[in-house]
Each structure stands twice: as C-alpha cells, then as structure tokens.
Amino acid sequence: MIRSLKQKKFRKQEQAFVVEGEKSVKELLTGDFEVRKIVYTTRMAEAARAAGNIECTEVDEQTMQSLSSLSTAAGIMAIVSIPQRQADFSAKPGLILALDRITDPGNMGTIIRTADWFGIEHILCSEDTVDVYNPKTIQSTMGSFIRVSIHYVPLAKILEELKPDYEIWGLDMQGTPIGTAKSNVRKVIVTGSEANGIREEIAAQIDKYITIPAYQENPHKKPESLNASIATAIACYELTKK
C-alpha cells in the first residue's frame, strides 16, 4: 500500500500520502494532520518514539529503501490522511497565489515553500496543476505543505467570485514592471505554465499583468523567461514588502 501511494490514483483511492524525513515527520506530529502510521529504521527509533499513540513499525534499511521515493531513504516516513480543506477567504487575506497548469513537482514544492516564507496561507490551483501530495512535491516543500492550504478548484470561476474584494494580477513577460505596479487593493497573483502561460478563460479574469524585468546591459542577450517558482518568489517579495 505504501509503495502504491507514489501514484496519484492510489493516493486518491486511499485518501493518503507519504511524508519522508525526520524534520517533516516531526513537524507533522505538531500539526493538525491525521498521521496513520510511522515506518522507521533502527537509526530513527528515537524520532519514532515521539509519535506517541500513533502506530509505528520498524523495518530494515533494505525494506525502507524499497518503500522510499528518495535515492537515499531518510529512515523514517509517515502515512498521512489527505485533509479535506475548504477554501474559506472570509478573513480576506492580503495576498493569495493562484497556479494555472504548473506541472513540475519541484516548482510546485518551491512555490509552497515560498508562500510559507512570506506568510501566504492559501494557494489556489487549477485542477490540472500537479498534485501537492506527489512525493517530489512534498519533499521539495521542506514541511511547508503543513502550514499552507492548497485548494484544487475551477480556477476561472473562483477568481471571478473573488473579484469584488481582490484585484487579479497575472505574471507575464509583457506586463508592467513589478517595481512600478501600485495598488492598495488585496491581490491574487496568477502564475501560469512555463510552456503555455495563463490559459484564455483565466486570462479573462486578470485585471493587470506584471513582469519581472531582466537586468541586462544588452537586452538581446537574455533568456526567454524566468522559472515559474523564481518569478513567483520575486513577486511575493515585492508585493508583501509593499
């Protein structure tokens, strides 16, 4: 069953996912996630003892490696129930992130970690954005998935519903330089697919496009675009400091 959770269809079927690593497992135990089981090796016995009443099973190193999604197993993992979270914005947070068709697990994890760093509590995702519970995504969040709520929603519809209280800003190469973009209204920042950008029905909801200007003496010698997670991080920095 643990091995099957590497695949999305079985995570959905079991309503569970796997978290690996001592730090992330310890953080889980202090949060509101339901931890079903801890699996550990002898070298992580002390960390497993912190699990209290949670069922724990010791395995040998070879078995742990066969269960792990990592090239070198961390020695401890937790099997965790997928939480059922509602996208409640009644408190009207100042900044929300929205992701359209982000498909790379590493990018997704880095964006979640970035949101956590800047105190952003909610990320809205199109339904075809990579699964947050993908093992590579969970690993790259470095535990931040515990504190950031990820919502898979019909994104265009939800953005339309948020518009009375929020401006919708999209990241785009042709947008206004972010340093000069000004607004005192709460914002949703939309990051689109690196390959395809923001899709048409979501673009219809965007009030303003912003860009991260390249700093190049020769404007003809620069890459086509920034990595999606890096662009999102810079936007978070610029907008939270304002």
# chains A, B, ... in the order shown; residues from 1 in each chain; ligands from 1

$ closest_atom_pairs --of "segment 81-177 of chain A" --to "segment 31-45 of chain A" --cutoff "10 Å" --atoms "only C-alpha atoms" --output "Markdown table"
| residue | atom | partner | partner_atom | distance |
| --- | --- | --- | --- | --- |
| A:Ser81 | CA | A:Glu34 | CA | 5.5 |
| A:Ile82 | CA | A:Phe33 | CA | 7.9 |
| A:Pro83 | CA | A:Phe33 | CA | 6.8 |
| A:Ile146 | CA | A:Gly31 | CA | 7.0 |
| A:Arg147 | CA | A:Gly31 | CA | 8.4 |

$ select_by_dssp --residues "segment 180-227 of chain A" --states "helix (DSSP H, G or I)" --output "list in words"
Glu200, Glu201, Ile202 and Ala203 of chain A

$ select_by_dssp --residues "segment 2-187 of chain A" --states "strand (DSSP E)" --output "PyMOL selection string"
chain A and resi 16-20+35-40+55-58+76-81+95-100+122-125+149-152+167-177+187

$ closest_atom_pairs --of "segment 145-232 of chain A" --to "segment 106-126 of chain A" --cutoff "6 Å" --atoms "only C-alpha atoms" --output "CSV"
residue,atom,partner,partner_atom,distance
A:Val148,CA,A:Glu121,CA,4.8
A:Ser149,CA,A:His122,CA,4.9
A:Ile150,CA,A:Ile123,CA,5.0
A:His151,CA,A:Leu124,CA,5.0
A:Tyr152,CA,A:Cys125,CA,4.8
A:Val153,CA,A:Ser126,CA,5.7
A:Leu155,CA,A:Ser126,CA,5.2
A:Ser229,CA,A:Asn107,CA,5.3

$ write_last_selection --atoms "N, CA and C atoms" --output "compact mmCIF listing (two decimals), in the first residue's frame"
# COMPACT_ATOMS: atom_id res chain seq x y z
N VAL A 148 0.52 25.72 4.67
CA VAL A 148 -0.11 26.40 3.54
C VAL A 148 -1.25 25.53 3.01
N SER A 149 -2.43 26.11 2.87
CA SER A 149 -3.59 25.36 2.37
C SER A 149 -3.63 25.41 0.84
N ILE A 150 -3.67 24.23 0.24
CA ILE A 150 -3.68 24.11 -1.21
C ILE A 150 -5.09 23.69 -1.64
N HIS A 151 -5.68 24.44 -2.57
CA HIS A 151 -7.06 24.19 -2.98
C HIS A 151 -7.11 23.95 -4.49
N TYR A 152 -7.61 22.78 -4.91
CA TYR A 152 -7.80 22.49 -6.34
C TYR A 152 -9.24 22.87 -6.69
N VAL A 153 -9.38 23.86 -7.57
CA VAL A 153 -10.68 24.48 -7.81
C VAL A 153 -10.85 24.78 -9.30
N LEU A 155 -10.58 27.24 -11.45
CA LEU A 155 -9.86 28.47 -11.12
C LEU A 155 -10.51 29.73 -11.69
N SER A 229 8.71 29.20 -10.44
CA SER A 229 8.81 29.34 -8.98
C SER A 229 9.65 30.55 -8.59

$ closest_residue --among "A:Asp207, A:Glu46, A:Ile158, A:Asn227" --to "Asp104 of chain A" --atoms "only C-alpha atoms"
A:Asn227

$ closest_residue --among "A:Leu97, A:Val130, A:Ile230, A:Leu29" --to "Asn53 of chain A" --atoms "only C-alpha atoms"
A:Leu29

$ closest_residue --among "A:Leu70, A:Ile102, A:Leu95, A:Met1" --to "Glu167 of chain A" --atoms "only C-alpha atoms"
A:Leu95

$ residues_around --residues "Asn196 of chain A" --least-positions-apart "3" --cutoff "10 Å" --atoms "only C-alpha atoms" --output "PyMOL selection string"
chain A and resi 100-102+192-193+199

$ write_last_selection --atoms "C-alpha atoms" --output "JSON list (two decimals), in the first residue's frame"
[["chain", "number", "residue", "atom", "x", "y", "z"],
["A", 100, "ASP", "CA", -2.54, 27.55, -13.62],
["A", 101, "ARG", "CA", -1.20, 24.28, -15.06],
["A", 102, "ILE", "CA", 2.02, 24.14, -13.04],
["A", 192, "GLY", "CA", 0.83, 30.19, -15.44],
["A", 193, "SER", "CA", 2.52, 27.27, -17.14],
["A", 199, "ARG", "CA", -4.99, 29.97, -20.29]]

$ decode --residues "segment 68-95 of chain A" --atoms "C-alpha atoms" --output "PDB file, in the first residue's frame"
ATOM      1  CA  SER A  68      11.133   5.339  -0.302  1.00  0.00           C
ATOM      2  CA  SER A  69      10.788   7.801  -3.193  1.00  0.00           C
ATOM      3  CA  LEU A  70      14.250   9.171  -2.401  1.00  0.00           C
ATOM      4  CA  SER A  71      17.521   7.982  -3.901  1.00  0.00           C
ATOM      5  CA  THR A  72      18.738   7.501  -0.307  1.00  0.00           C
ATOM      6  CA  ALA A  73      15.964   6.751   2.170  1.00  0.00           C
ATOM      7  CA  ALA A  74      15.698   9.094   5.149  1.00  0.00           C
ATOM      8  CA  GLY A  75      14.991   6.255   7.582  1.00  0.00           C
ATOM      9  CA  ILE A  76      11.554   7.447   8.694  1.00  0.00           C
ATOM     10  CA  MET A  77       8.263   8.081   6.924  1.00  0.00           C
ATOM     11  CA  ALA A  78       4.675   8.815   7.850  1.00  0.00           C
ATOM     12  CA  ILE A  79       1.498   7.694   6.131  1.00  0.00           C
ATOM     13  CA  VAL A  80      -0.883  10.649   6.381  1.00  0.00           C
ATOM     14  CA  SER A  81      -4.566  11.180   5.591  1.00  0.00           C
ATOM     15  CA  ILE A  82      -5.287  13.769   2.899  1.00  0.00           C
ATOM     16  CA  PRO A  83      -7.063  16.639   4.688  1.00  0.00           C
ATOM     17  CA  GLN A  84     -10.442  17.902   3.489  1.00  0.00           C
ATOM     18  CA  ARG A  85      -9.942  21.669   3.479  1.00  0.00           C
ATOM     19  CA  GLN A  86     -12.411  24.285   2.325  1.00  0.00           C
ATOM     20  CA  ALA A  87     -11.274  27.419   0.502  1.00  0.00           C
ATOM     21  CA  ASP A  88     -12.607  29.926   3.044  1.00  0.00           C
ATOM     22  CA  PHE A  89     -11.463  33.502   2.424  1.00  0.00           C
ATOM     23  CA  SER A  90     -13.858  35.183   4.850  1.00  0.00           C
ATOM     24  CA  ALA A  91     -10.852  36.570   6.749  1.00  0.00           C
ATOM     25  CA  LYS A  92      -9.761  38.206   3.456  1.00  0.00           C
ATOM     26  CA  PRO A  93      -6.004  37.566   3.474  1.00  0.00           C
ATOM     27  CA  GLY A  94      -3.940  40.280   1.794  1.00  0.00           C
ATOM     28  CA  LEU A  95      -2.288  38.067  -0.827  1.00  0.00           C
TER      29      LEU A  95
END
